[in-house]
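*Asks:* Once you've had a glance at the structure underneath, I'll fire off some questions.
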Amino acid sequence: MHKSTVVRALLITTSSALVATAAAYPATAAAPTAAPTAAPTAAPTAAPTAAPAERLDRGLISVHTGTGNFLSWRQVAQDPPGTAFTVYRDGVQVTAKPVSRTNFQDTRAPAEAVYEVRPVLDGVESARTGPATPPLRMAAHTEGELGVTASTRDVPLQIPPGGSTSSGAYTYEANDASAGDLDGDGQYEIVLKWNPTNAKDNAHAGHTGNTILDAYKLDGTRLWRIDLGRNIRSGAHYTQFQVFDYDSDGRAEVVLKTADGSRSGTGQVIGNAGADHRNSSGYVLAGPEFLTVFRGADGAILDTENYVPPRGNLADWGDNYGNRADRFLAGTAFVDGARPSIIMARGYYTRAVVSAWDFRNGQLTRRWTYDSGRGGGAYGQGNHNLSVSDVDGDGRDEIIYGSATIDDNGTLMYRTGFGHGDALHVSDLVPGRPGQEVFTVHESGNQPAMDVHDARTGQVLYRAPACDCDNGRGVAADVWAGSPGAEIWSAAVGGLRSAANGNQVAARKPGSQNFVIWWDGDGQRELLDGTQISKYGTGGDTRLLTGSGVSSNNGTKSTPVLQADILGDWREEVIWRTSDNRALRIHATTTPTTISRPSLMQDRQYRLAVAWQNTAYNQPPHASFSTP
């Protein structure tokens with residue numbers, strides 16, 4: 001349904017061709033629950049056309065320190081191999097010769113200096129094709145045990161007004177965010193979800209305030225505000241939003257589940273503005289459900305269709321009161337290898353249903369739907385999160401759905417049978433073997449506490465013994481140079497272990513089992529937990545950064561608003577909310593590095609990970625490679 005008919009229109013689900021029941025799309029044949037093997041898939045088609053990288057500017061930042069200005073900028077995918085850079089301050093070249101790295105210390109330079117970076121190839125400097133983008137100035141401060149200088153930039157926020165429900169009064173807190181170039185200027189904007197303070201986990205009854213999404217430029221300009229209304233319950237599992245350029249016009253769209261009364265950034269109302277489908281316990285178990293694409297520049301509705309899969313019979317999802325029926329996941333994947341598709345999913349404790357949608361020429365079209373049905377397949381294998389990767393190397397992305405993987409054509413690729421878990425990491429964890437690997441932790445006491453398996457076939461490389469516990473936290477990343485490839489660790493398994501075989505490589509595991517981040521300039525990742533960044537060591541972790549005046553999100557999950565390489569060189573930025581919710585504070589490293597590589601956001605797997613990062617139990621983004 002196009003925007004001309006959606007404004008204040010009552011969308012009747014029973015009249016739509018996209019109303020889906022179990023009979024509307026056939027369930028994929030289930031795989032047996034025995035030891036994992038590769039499930040047969042459709043014969044591969046011709047290799048897809050390579051997907052284009054985002055068109056980004058240099059992302060230049062300038063940080064005034066005690067020794068001058070630290071500069072950092074992007075190498076982009078369009079730069080030919082061998083590209084170097086010259087740096088100009090106020091129109092005068094300050095690099096004696098082109099530099100191959102993407103950071104530079106301009107000694108004794110004034111804070112107000114204006115810089116430009118120009119690429120040089122084979123000794124020839126590119127001419128400027130337009131006005132230079134001025135650097136984003138960031139403030140310097142010294143943090144951590146090593147006295148390392150970091151930098152910050154505050155993005156002012158406009159806090160929504162609070163209100164009250166039958167559960168009491170509420171105010172708003174800045175919660176998860178995503179990044180996208182909403183207006184096509186080559187710079188990232190931030191899309192932020194506001195949670196009311198009475199937001200609820202699905203397992204808990206109670207009425208909540210409305211979920212609200214804002215879009216901000218990095219100078220604090222608010223582009224729009226979307227109010228999802230009272231028929232979308234607020235909490236970590238209800239609103240998974242995707243920010244990506246789905247129609248390849250150079251400007252990102254915002255896609256999410258909506259309902260009667262959801263209001264766009266331009267004031268358009270979806271469905272029946274007066275409808276109230278909440279029951280006495282605050283759950284929304286009746287009324288239509290929609291999938292809406294909003295224009296990134298102004299938040300206007302571009303198209304709305306019925307959400308697939310619908311809730312149907314609550315008991316099919318694992319209970320009769322709406323807890324498991326309203327567990328949603330979302331992502332973005334190049335399932336055809338050339339253009340991005342929207343991934344929307346429902347359920348993982350029992351029944352699991354995943355749909356791929358295309359947004360082309362202003363219209364949403366459902367490409368395929370995978371349904372585990374009432375047993376087998378991905379039934380009961382899902383996590384509180386998902387990942388996206390081209391695990392078989394055919395140029396098309398698969399959906400890693402916890403202990404199961406869905407092929408790019410919507411069929412089951414394999415399942416390990418290890419069941420549900422809370423943490424999921426996918427990358428080239430073992431560089432010595434071909435392809436990628438999947439690391440998961442598990443909740444069931446009769447399953448391995450954690451495992452590593454081949455991302456293409458499901459072949460298990462390592463499984464920890466069952467712990468008769470809910471092993472809720474775990475990480476896979478290369479955090480220690482003392483062993484090759486990634487290390488793995490979790491809350492319920494002792495020691496730091498090799499992802500290749502599970503052998504213990506150090507008796508002491510890291511002090512956190514949360515996010516990991518490329519920060520200090522070497523090839524290993526650092527530990528990001530709460531509002532702190534630390535370096536792993538076998539004798540103890542070394543604090544590199546302690547955020548001041550900021551708070552983490554999502555209770556004991558202690559996750560950032562966003563972690564992504566949105567500025568400067570390939571190292572990642574971390575965004576926390578200020579403790580008063582009046583700003584988002586972007587933190588960037590000022591540690592020099594000799595490693596030079598394109599922006600992580602132009603590695604497709606990493607970029608897609610930033611898109612799904614806000615989904616349910618947030619997980620850190622991983623690239624397609626092991627180390628820079």
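Ligands are numbered from 1 in the order shown, residues from 1 within each chain, and chains are lettered A, B, ... in the order they appear in the structure tokens.
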Give me, as number ranges by chain, the residues of region 262-333 of chain A that a backbone DSSP run labels helix (DSSP H, G or I).
*Replies:* A: 314-317
*Asks:* Emit the selected residues as a PDB file, in the first residue's frame, including N, CA and C atoms.
*Replies:*
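Saved the output as selection.pdb:
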```
ATOM      1  N   LEU A 314      -1.494 -17.966  19.364  1.00  0.00           N
ATOM      2  CA  LEU A 314      -0.418 -17.672  20.316  1.00  0.00           C
ATOM      3  C   LEU A 314       0.323 -18.932  20.740  1.00  0.00           C
ATOM      4  N   ALA A 315      -0.409 -20.017  20.959  1.00  0.00           N
ATOM      5  CA  ALA A 315       0.210 -21.231  21.484  1.00  0.00           C
ATOM      6  C   ALA A 315       1.259 -21.806  20.531  1.00  0.00           C
ATOM      7  N   ASP A 316       1.158 -21.482  19.241  1.00  0.00           N
ATOM      8  CA  ASP A 316       2.144 -21.989  18.285  1.00  0.00           C
ATOM      9  C   ASP A 316       3.547 -21.455  18.581  1.00  0.00           C
ATOM     10  N   TRP A 317       3.621 -20.333  19.295  1.00  0.00           N
ATOM     11  CA  TRP A 317       4.907 -19.716  19.574  1.00  0.00           C
ATOM     12  C   TRP A 317       5.485 -20.156  20.920  1.00  0.00           C
TER      13      TRP A 317
END
```
*Asks:* Can you tell me which residues surround region 63-70 of chain A at a distance of at most 7 Å, considering only C-alpha atoms, apart from same-chain residues fewer than 4 positions away, and format the answer as a list of chain:residue names?
*Replies:*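 The residues that qualify are A:Phe104, A:Gln105, A:Asp106, A:Thr107, A:Arg108, A:Ala109, A:Pro110, A:Ala111, A:Arg137, A:Met138, A:Ala139, A:Ala140, A:Ser151, A:Thr590.
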*Asks:* Go ahead and save the picked residues with all heavy atoms, as a short mmCIF file (atom, residue, chain, number, x, y, z; two decimals), in the first residue's frame.
*Replies:*
```
data_model
loop_
_atom_site.label_atom_id
_atom_site.label_comp_id
_atom_site.auth_asym_id
_atom_site.auth_seq_id
_atom_site.Cartn_x
_atom_site.Cartn_y
_atom_site.Cartn_z
N PHE A 104 47.20 11.41 11.43
CA PHE A 104 48.35 12.31 11.37
C PHE A 104 48.32 13.26 12.55
O PHE A 104 47.25 13.78 12.91
CB PHE A 104 48.32 13.11 10.05
CG PHE A 104 49.42 14.11 9.89
CD1 PHE A 104 50.72 13.70 9.63
CD2 PHE A 104 49.15 15.47 9.99
CE1 PHE A 104 51.74 14.64 9.47
CE2 PHE A 104 50.15 16.41 9.84
CZ PHE A 104 51.46 15.99 9.58
N GLN A 105 49.47 13.49 13.18
CA GLN A 105 49.60 14.45 14.27
C GLN A 105 50.20 15.74 13.73
O GLN A 105 51.35 15.76 13.28
CB GLN A 105 50.47 13.90 15.39
CG GLN A 105 50.62 14.83 16.58
CD GLN A 105 49.35 14.99 17.38
OE1 GLN A 105 48.67 14.00 17.67
NE2 GLN A 105 49.00 16.22 17.74
N ASP A 106 49.42 16.81 13.72
CA ASP A 106 49.89 18.12 13.26
C ASP A 106 50.39 18.90 14.47
O ASP A 106 49.62 19.51 15.21
CB ASP A 106 48.76 18.86 12.55
CG ASP A 106 49.25 20.13 11.86
OD1 ASP A 106 50.47 20.31 11.71
OD2 ASP A 106 48.39 20.95 11.47
N THR A 107 51.69 18.86 14.67
CA THR A 107 52.29 19.41 15.89
C THR A 107 52.15 20.93 15.95
O THR A 107 52.34 21.64 14.97
CB THR A 107 53.79 19.03 15.95
OG1 THR A 107 53.89 17.61 15.80
CG2 THR A 107 54.40 19.45 17.27
N ARG A 108 51.79 21.40 17.14
CA ARG A 108 51.67 22.82 17.49
C ARG A 108 50.66 23.58 16.62
O ARG A 108 50.73 24.79 16.48
CB ARG A 108 53.05 23.50 17.43
CG ARG A 108 54.03 22.98 18.47
CD ARG A 108 55.32 23.78 18.47
NE ARG A 108 56.05 23.66 17.21
CZ ARG A 108 56.89 22.67 16.93
NH1 ARG A 108 57.10 21.72 17.83
NH2 ARG A 108 57.51 22.61 15.78
N ALA A 109 49.72 22.89 16.06
CA ALA A 109 48.70 23.55 15.25
C ALA A 109 47.61 24.13 16.16
O ALA A 109 47.30 23.56 17.21
CB ALA A 109 48.09 22.56 14.27
N PRO A 110 47.00 25.22 15.77
CA PRO A 110 45.93 25.80 16.58
C PRO A 110 44.64 24.99 16.49
O PRO A 110 44.38 24.33 15.48
CB PRO A 110 45.74 27.20 15.97
CG PRO A 110 46.20 27.06 14.56
CD PRO A 110 47.32 26.06 14.59
N ALA A 111 43.85 25.06 17.55
CA ALA A 111 42.62 24.27 17.61
C ALA A 111 41.66 24.62 16.49
O ALA A 111 40.92 23.75 16.00
CB ALA A 111 41.94 24.47 18.97
N ARG A 137 35.17 18.65 14.64
CA ARG A 137 36.04 18.92 15.78
C ARG A 137 35.53 18.17 17.00
O ARG A 137 34.35 18.18 17.31
CB ARG A 137 36.13 20.42 16.08
CG ARG A 137 36.90 21.20 15.02
CD ARG A 137 37.31 22.58 15.53
NE ARG A 137 38.11 23.28 14.54
CZ ARG A 137 37.63 24.11 13.63
NH1 ARG A 137 36.34 24.36 13.60
NH2 ARG A 137 38.42 24.72 12.77
N MET A 138 36.46 17.51 17.69
CA MET A 138 36.12 16.75 18.87
C MET A 138 36.98 17.23 20.03
O MET A 138 38.09 17.73 19.84
CB MET A 138 36.31 15.25 18.62
CG MET A 138 35.48 14.74 17.44
SD MET A 138 35.58 12.96 17.18
CE MET A 138 34.65 12.33 18.58
N ALA A 139 36.49 17.08 21.24
CA ALA A 139 37.20 17.51 22.44
C ALA A 139 38.10 16.39 22.95
O ALA A 139 37.72 15.22 22.91
CB ALA A 139 36.21 17.93 23.52
N ALA A 140 39.28 16.74 23.43
CA ALA A 140 40.24 15.76 23.94
C ALA A 140 40.15 15.67 25.45
O ALA A 140 39.90 16.65 26.14
CB ALA A 140 41.66 16.15 23.53
N SER A 151 38.86 11.23 22.54
CA SER A 151 38.14 12.42 22.13
C SER A 151 36.65 12.15 22.19
O SER A 151 36.20 11.01 22.08
CB SER A 151 38.53 12.83 20.70
OG SER A 151 38.19 11.81 19.77
N THR A 590 42.41 8.49 19.90
CA THR A 590 43.44 9.36 19.30
C THR A 590 44.80 8.67 19.33
O THR A 590 45.83 9.33 19.17
CB THR A 590 43.53 10.71 20.04
OG1 THR A 590 43.85 10.47 21.42
CG2 THR A 590 42.23 11.48 19.94
#
```
*Asks:* Counting only C-alpha atoms, what are the residues of region 488-582 of chain A within 12 Å of region 76-100 of chain A, and for each of them which pair of atoms is the nearest and at what distance in Å, to one decimal? Sort the table by chain and rising number, as CSV.
*Replies:*
```
residue,atom,partner,partner_atom,distance
A:Leu567,CA,A:Val76,CA,11.7
A:Gly568,CA,A:Val76,CA,10.9
A:Asp569,CA,A:Val76,CA,9.6
A:Trp570,CA,A:Val76,CA,9.7
```
*Asks:* Env of region 613-626 of chain A: 8 Å cut, atoms = only C-alpha atoms, seq-sep filter 5 positions within chain, self excluded. Answer as number ranges by chain.
*Replies:* A: 176-178, 236-237, 240-241, 328-331, 384-386, 389, 422-431, 436, 478, 485-486, 514-517, 557, 559, 562-564, 600, 603-606
*Asks:* Residues near region 364-373 of chain A, anyone? I mean within 6 Å using only C-alpha atoms, not counting same-chain ones fewer than 5 positions away, as a list in words.
*Replies:*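 Skipping anything fewer than 5 positions along the chain leaves Ala27, Arg351, Ala352, Val353, Val354, Ser355, Ala356, Trp357, Asp358, Phe359, Ala378, Tyr379 and Gly410 of chain A.
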*Asks:* Convert the current residue selection to file output with N, CA, C and O atoms, as a PDB file, in the first residue's frame.
*Replies:*
```pdb
ATOM      1  N   ALA A  27       5.880 -24.516   4.884  1.00  0.00           N
ATOM      2  CA  ALA A  27       7.027 -24.661   5.774  1.00  0.00           C
ATOM      3  C   ALA A  27       8.110 -25.449   5.065  1.00  0.00           C
ATOM      4  O   ALA A  27       7.852 -26.409   4.354  1.00  0.00           O
ATOM      5  N   ARG A 351       8.582 -22.107  17.580  1.00  0.00           N
ATOM      6  CA  ARG A 351       8.440 -21.812  16.157  1.00  0.00           C
ATOM      7  C   ARG A 351       9.281 -20.594  15.783  1.00  0.00           C
ATOM      8  O   ARG A 351       9.358 -19.611  16.528  1.00  0.00           O
ATOM      9  N   ALA A 352       9.910 -20.675  14.621  1.00  0.00           N
ATOM     10  CA  ALA A 352      10.718 -19.571  14.109  1.00  0.00           C
ATOM     11  C   ALA A 352      10.326 -19.290  12.670  1.00  0.00           C
ATOM     12  O   ALA A 352      10.297 -20.208  11.844  1.00  0.00           O
ATOM     13  N   VAL A 353      10.024 -18.018  12.358  1.00  0.00           N
ATOM     14  CA  VAL A 353       9.629 -17.636  11.008  1.00  0.00           C
ATOM     15  C   VAL A 353      10.457 -16.423  10.585  1.00  0.00           C
ATOM     16  O   VAL A 353      10.572 -15.448  11.335  1.00  0.00           O
ATOM     17  N   VAL A 354      11.054 -16.499   9.405  1.00  0.00           N
ATOM     18  CA  VAL A 354      11.925 -15.446   8.884  1.00  0.00           C
ATOM     19  C   VAL A 354      11.443 -15.071   7.488  1.00  0.00           C
ATOM     20  O   VAL A 354      11.221 -15.953   6.648  1.00  0.00           O
ATOM     21  N   SER A 355      11.280 -13.767   7.240  1.00  0.00           N
ATOM     22  CA  SER A 355      10.856 -13.281   5.921  1.00  0.00           C
ATOM     23  C   SER A 355      11.882 -12.311   5.359  1.00  0.00           C
ATOM     24  O   SER A 355      12.479 -11.520   6.095  1.00  0.00           O
ATOM     25  N   ALA A 356      12.080 -12.380   4.056  1.00  0.00           N
ATOM     26  CA  ALA A 356      12.933 -11.430   3.343  1.00  0.00           C
ATOM     27  C   ALA A 356      12.051 -10.553   2.463  1.00  0.00           C
ATOM     28  O   ALA A 356      11.194 -11.058   1.725  1.00  0.00           O
ATOM     29  N   TRP A 357      12.248  -9.246   2.558  1.00  0.00           N
ATOM     30  CA  TRP A 357      11.460  -8.267   1.799  1.00  0.00           C
ATOM     31  C   TRP A 357      12.402  -7.414   0.945  1.00  0.00           C
ATOM     32  O   TRP A 357      13.504  -7.062   1.375  1.00  0.00           O
ATOM     33  N   ASP A 358      11.933  -7.051  -0.225  1.00  0.00           N
ATOM     34  CA  ASP A 358      12.630  -6.082  -1.071  1.00  0.00           C
ATOM     35  C   ASP A 358      11.860  -4.770  -1.062  1.00  0.00           C
ATOM     36  O   ASP A 358      10.623  -4.764  -1.033  1.00  0.00           O
ATOM     37  N   PHE A 359      12.601  -3.671  -1.110  1.00  0.00           N
ATOM     38  CA  PHE A 359      11.976  -2.352  -1.302  1.00  0.00           C
ATOM     39  C   PHE A 359      12.546  -1.766  -2.583  1.00  0.00           C
ATOM     40  O   PHE A 359      13.703  -1.345  -2.629  1.00  0.00           O
ATOM     41  N   ALA A 378      14.477 -24.968  12.052  1.00  0.00           N
ATOM     42  CA  ALA A 378      14.982 -23.985  13.007  1.00  0.00           C
ATOM     43  C   ALA A 378      14.114 -23.904  14.260  1.00  0.00           C
ATOM     44  O   ALA A 378      14.289 -23.006  15.072  1.00  0.00           O
ATOM     45  N   TYR A 379      13.209 -24.842  14.427  1.00  0.00           N
ATOM     46  CA  TYR A 379      12.312 -24.842  15.585  1.00  0.00           C
ATOM     47  C   TYR A 379      13.134 -24.921  16.872  1.00  0.00           C
ATOM     48  O   TYR A 379      13.922 -25.839  17.081  1.00  0.00           O
ATOM     49  N   GLY A 410      15.905 -18.813   1.359  1.00  0.00           N
ATOM     50  CA  GLY A 410      14.825 -19.034   2.306  1.00  0.00           C
ATOM     51  C   GLY A 410      14.613 -20.472   2.703  1.00  0.00           C
ATOM     52  O   GLY A 410      13.572 -20.803   3.275  1.00  0.00           O
TER      53      GLY A 410
END
```
*Asks:* Of the candidates A:Glu112, A:Glu289, A:Asp276, A:Asp565, which one gets nearest to Trp73 (chain A) if we count only C-alpha atoms?
*Replies:*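 For Trp73 (chain A), the nearest of the given residues is A:Asp565.
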*Asks:* Which residue, A:Asp580, A:Glu437, A:Glu443, A:Asp303, has the smallest gap to Lys257 (chain A) when you use only C-alpha atoms?
*Replies:*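 The shortest atom-to-atom distance to Lys257 (chain A) comes from A:Asp303.
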*Asks:* Quick one: of A:Pro434, A:Pro510, A:Pro119, A:Gly337, who's nearest to Glu487 (chain A), counting only C-alpha atoms?
*Replies:*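 Of A:Pro434, A:Pro510, A:Pro119, A:Gly337, the one nearest Glu487 (chain A) is A:Pro510, counting only C-alpha atoms.
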*Asks:* What does the structure give for the distance between CA of Thr542 (chain A) and CA of Gly530 (chain A), in Å to one decimal?
*Replies:*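 We find that CA of Thr542 (chain A) and CA of Gly530 (chain A) lie 15.0 Å from each other.
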*Asks:* Using only C-alpha atoms, which residue out of A:Glu54, A:Ser262, A:Arg101, A:Gly229 lies closest to Leu182 (chain A)?
*Replies:*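 Among the listed residues, the smallest separation from Leu182 (chain A) belongs to A:Glu54.
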*Asks:* Would you compute the distance between CA of Gly382 (chain A) and CA of Ser403 (chain A)? Give it in Å to one decimal.
*Replies:* 6.2 Å
*Asks:* Going by DSSP on the backbone, which bits of region 212-351 of chain A are strand (DSSP E)? Write them as a PyMOL selection string, please.
*Replies:* chain A and resi 212-216+222-227+242-244+253-259+289-295+301-306+328-333+341-346
*Asks:* Would you mind exporting N, CA and C atoms of the selected residues as a CSV table (one decimal), in the first residue's frame?
*Replies:*
```
chain,number,residue,atom,x,y,z
A,212,ILE,N,9.5,5.7,20.7
A,212,ILE,CA,9.7,6.9,19.8
A,212,ILE,C,11.1,6.7,19.2
A,213,LEU,N,11.2,7.1,17.9
A,213,LEU,CA,12.4,7.1,17.1
A,213,LEU,C,12.7,8.5,16.6
A,214,ASP,N,13.9,9.0,16.8
A,214,ASP,CA,14.4,10.3,16.3
A,214,ASP,C,15.5,10.1,15.4
A,215,ALA,N,15.7,11.0,14.5
A,215,ALA,CA,16.9,11.1,13.6
A,215,ALA,C,17.6,12.4,13.8
A,216,TYR,N,19.0,12.3,14.0
A,216,TYR,CA,19.8,13.4,14.3
A,216,TYR,C,21.0,13.5,13.4
A,222,ARG,N,17.7,17.8,14.7
A,222,ARG,CA,16.7,16.7,14.6
A,222,ARG,C,16.0,16.7,13.3
A,223,LEU,N,16.1,15.7,12.5
A,223,LEU,CA,15.4,15.6,11.2
A,223,LEU,C,14.0,15.2,11.3
A,224,TRP,N,13.6,14.3,12.3
A,224,TRP,CA,12.2,13.9,12.4
A,224,TRP,C,12.0,13.1,13.7
A,225,ARG,N,10.8,12.9,14.0
A,225,ARG,CA,10.4,12.1,15.1
A,225,ARG,C,9.2,11.2,14.7
A,226,ILE,N,9.4,9.8,14.9
A,226,ILE,CA,8.3,8.9,14.7
A,226,ILE,C,7.8,8.3,16.0
A,227,ASP,N,6.5,8.4,16.2
A,227,ASP,CA,5.9,7.9,17.4
A,227,ASP,C,5.1,6.6,17.1
A,242,GLN,N,15.6,-1.2,11.2
A,242,GLN,CA,16.7,-1.3,10.3
A,242,GLN,C,16.9,0.1,9.6
A,243,VAL,N,18.2,0.5,9.4
A,243,VAL,CA,18.5,1.7,8.8
A,243,VAL,C,19.5,1.3,7.6
A,244,PHE,N,19.1,1.5,6.4
A,244,PHE,CA,19.9,1.0,5.3
A,244,PHE,C,19.3,1.6,4.0
A,253,GLU,N,16.9,4.4,4.1
A,253,GLU,CA,15.5,4.3,4.7
A,253,GLU,C,15.5,3.7,6.1
A,254,VAL,N,14.4,3.9,6.8
A,254,VAL,CA,14.2,3.3,8.1
A,254,VAL,C,13.0,2.4,8.0
A,255,VAL,N,13.2,1.1,8.5
A,255,VAL,CA,12.2,0.1,8.4
A,255,VAL,C,11.9,-0.5,9.7
A,256,LEU,N,10.6,-0.7,10.1
A,256,LEU,CA,10.3,-1.3,11.3
A,256,LEU,C,8.8,-1.7,11.4
A,257,LYS,N,8.5,-2.5,12.4
A,257,LYS,CA,7.1,-2.9,12.6
A,257,LYS,C,6.3,-1.8,13.2
A,258,THR,N,5.1,-1.6,12.6
A,258,THR,CA,4.2,-0.5,13.1
A,258,THR,C,2.8,-1.1,13.4
A,259,ALA,N,1.9,-0.3,13.8
A,259,ALA,CA,0.5,-0.7,14.1
A,259,ALA,C,-0.4,0.4,14.0
A,289,GLU,N,-1.0,-5.8,12.3
A,289,GLU,CA,0.4,-5.5,12.4
A,289,GLU,C,1.0,-5.2,11.0
A,290,PHE,N,1.9,-4.2,11.0
A,290,PHE,CA,2.3,-3.7,9.7
A,290,PHE,C,3.9,-3.6,9.6
A,291,LEU,N,4.4,-3.6,8.4
A,291,LEU,CA,5.8,-3.3,8.2
A,291,LEU,C,5.8,-2.1,7.3
A,292,THR,N,6.6,-1.1,7.8
A,292,THR,CA,6.6,0.2,7.2
A,292,THR,C,8.0,0.7,6.8
A,293,VAL,N,8.1,1.2,5.7
A,293,VAL,CA,9.4,1.9,5.2
A,293,VAL,C,9.2,3.4,5.3
A,294,PHE,N,10.1,4.0,6.1
A,294,PHE,CA,10.0,5.5,6.2
A,294,PHE,C,11.2,6.1,5.5
A,295,ARG,N,11.0,7.2,4.8
A,295,ARG,CA,12.1,8.0,4.2
A,295,ARG,C,13.0,8.5,5.2
A,301,ILE,N,6.2,8.3,5.3
A,301,ILE,CA,5.9,6.9,5.0
A,301,ILE,C,6.1,6.7,3.5
A,302,LEU,N,6.9,5.7,3.1
A,302,LEU,CA,7.0,5.4,1.7
A,302,LEU,C,6.2,4.2,1.3
A,303,ASP,N,6.0,3.2,2.2
A,303,ASP,CA,5.1,2.1,1.9
A,303,ASP,C,4.8,1.4,3.2
A,304,THR,N,3.6,0.8,3.3
A,304,THR,CA,3.3,0.0,4.4
A,304,THR,C,2.5,-1.3,3.9
A,305,GLU,N,2.9,-2.4,4.5
A,305,GLU,CA,2.3,-3.7,4.1
A,305,GLU,C,2.0,-4.5,5.4
A,306,ASN,N,1.3,-5.5,5.3
A,306,ASN,CA,1.0,-6.3,6.5
A,306,ASN,C,2.3,-7.1,6.9
A,328,PHE,N,10.7,-10.6,18.4
A,328,PHE,CA,11.0,-10.2,17.0
A,328,PHE,C,12.5,-10.0,16.9
A,329,LEU,N,13.0,-10.3,15.7
A,329,LEU,CA,14.4,-10.1,15.3
A,329,LEU,C,14.4,-9.4,13.9
A,330,ALA,N,15.4,-8.7,13.6
A,330,ALA,CA,15.5,-8.0,12.3
A,330,ALA,C,16.9,-7.9,11.8
A,331,GLY,N,17.1,-7.8,10.5
A,331,GLY,CA,18.4,-7.6,9.9
A,331,GLY,C,18.3,-7.1,8.5
A,332,THR,N,19.4,-7.0,7.9
A,332,THR,CA,19.5,-6.6,6.4
A,332,THR,C,20.5,-7.6,5.8
A,333,ALA,N,20.2,-8.1,4.6
A,333,ALA,CA,21.0,-9.1,3.9
A,333,ALA,C,20.9,-8.9,2.4
A,341,SER,N,18.1,-6.7,1.1
A,341,SER,CA,16.7,-7.0,1.4
A,341,SER,C,16.6,-6.8,2.9
A,342,ILE,N,15.3,-6.6,3.3
A,342,ILE,CA,14.9,-6.4,4.7
A,342,ILE,C,14.6,-7.8,5.3
A,343,ILE,N,15.2,-8.1,6.4
A,343,ILE,CA,14.9,-9.4,7.1
A,343,ILE,C,14.1,-9.1,8.3
A,344,MET,N,12.9,-9.7,8.4
A,344,MET,CA,12.0,-9.6,9.6
A,344,MET,C,11.7,-11.0,10.1
A,345,ALA,N,11.7,-11.2,11.4
A,345,ALA,CA,11.6,-12.5,12.0
A,345,ALA,C,10.7,-12.5,13.2
A,346,ARG,N,10.1,-13.6,13.5
A,346,ARG,CA,9.3,-13.7,14.7
A,346,ARG,C,9.5,-15.1,15.3
```
*Asks:* Restricting the calculation to only C-alpha atoms, which member of A:Asp57, A:Asp245, A:His141, A:Asp183 is positioned closest to His587 (chain A)?
*Replies:* A:His141
*Asks:* Using only C-alpha atoms, which residue out of A:Ala297, A:Ala583, A:Val335, A:Met450 lies closest to Leu192 (chain A)?
*Replies:*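 Checking each of A:Ala297, A:Ala583, A:Val335, A:Met450 against Leu192 (chain A), counting only C-alpha atoms, the winner is A:Ala583.
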*Asks:* Excluding Leu584 (chain A) and its own-chain neighbours fewer than 2 positions away, which residues fall within 8 Å of it when counting only C-alpha atoms? Please give them as a list of chain:residue names.
*Replies:*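 In the requested format, the answer is A:Asp154, A:Val155, A:Pro156, A:Leu157, A:Ile575, A:Trp576, A:Arg577, A:Thr578, A:Asn581, A:Arg582, A:Ile586.
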*Asks:* Save out the residues we just selected, C-alpha atoms, as a short mmCIF file (atom, residue, chain, number, x, y, z; two decimals), in the first residue's frame.
*Replies:*
```cif
data_model
loop_
_atom_site.label_atom_id
_atom_site.label_comp_id
_atom_site.auth_asym_id
_atom_site.auth_seq_id
_atom_site.Cartn_x
_atom_site.Cartn_y
_atom_site.Cartn_z
CA ASP A 154 28.25 15.50 22.06
CA VAL A 155 25.15 15.26 19.88
CA PRO A 156 22.40 17.25 21.66
CA LEU A 157 19.07 15.45 22.02
CA ILE A 575 28.41 6.07 21.60
CA TRP A 576 26.94 6.26 25.10
CA ARG A 577 24.09 8.43 26.31
CA THR A 578 24.90 11.12 28.83
CA ASN A 581 19.81 11.81 28.46
CA ARG A 582 20.41 15.26 26.99
CA ILE A 586 30.64 9.89 20.68
#
```
*Asks:* Interatomic distance between CA of Asn361 (chain A) and CA of Arg607 (chain A)?
*Replies:*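 Result for CA of Asn361 (chain A) versus CA of Arg607 (chain A): 23.2 Å, one decimal.
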*Asks:* Give me the region 240-353 of chain A side of the contact with region 159-169 of chain A, cut-off 12 Å, one line per residue showing its nearest atom pair and distance in Å at one decimal, counting only C-alpha atoms, sorted by chain and residue number, as JSON lines.
*Replies:*
```
{"residue": "A:Arg278", "atom": "CA", "partner": "A:Ser166", "partner_atom": "CA", "distance": 11.6}
{"residue": "A:Asn279", "atom": "CA", "partner": "A:Ser166", "partner_atom": "CA", "distance": 11.7}
{"residue": "A:Ser280", "atom": "CA", "partner": "A:Ser166", "partner_atom": "CA", "distance": 9.5}
{"residue": "A:Ser281", "atom": "CA", "partner": "A:Ser167", "partner_atom": "CA", "distance": 9.8}
{"residue": "A:Gly282", "atom": "CA", "partner": "A:Ser166", "partner_atom": "CA", "distance": 9.0}
```
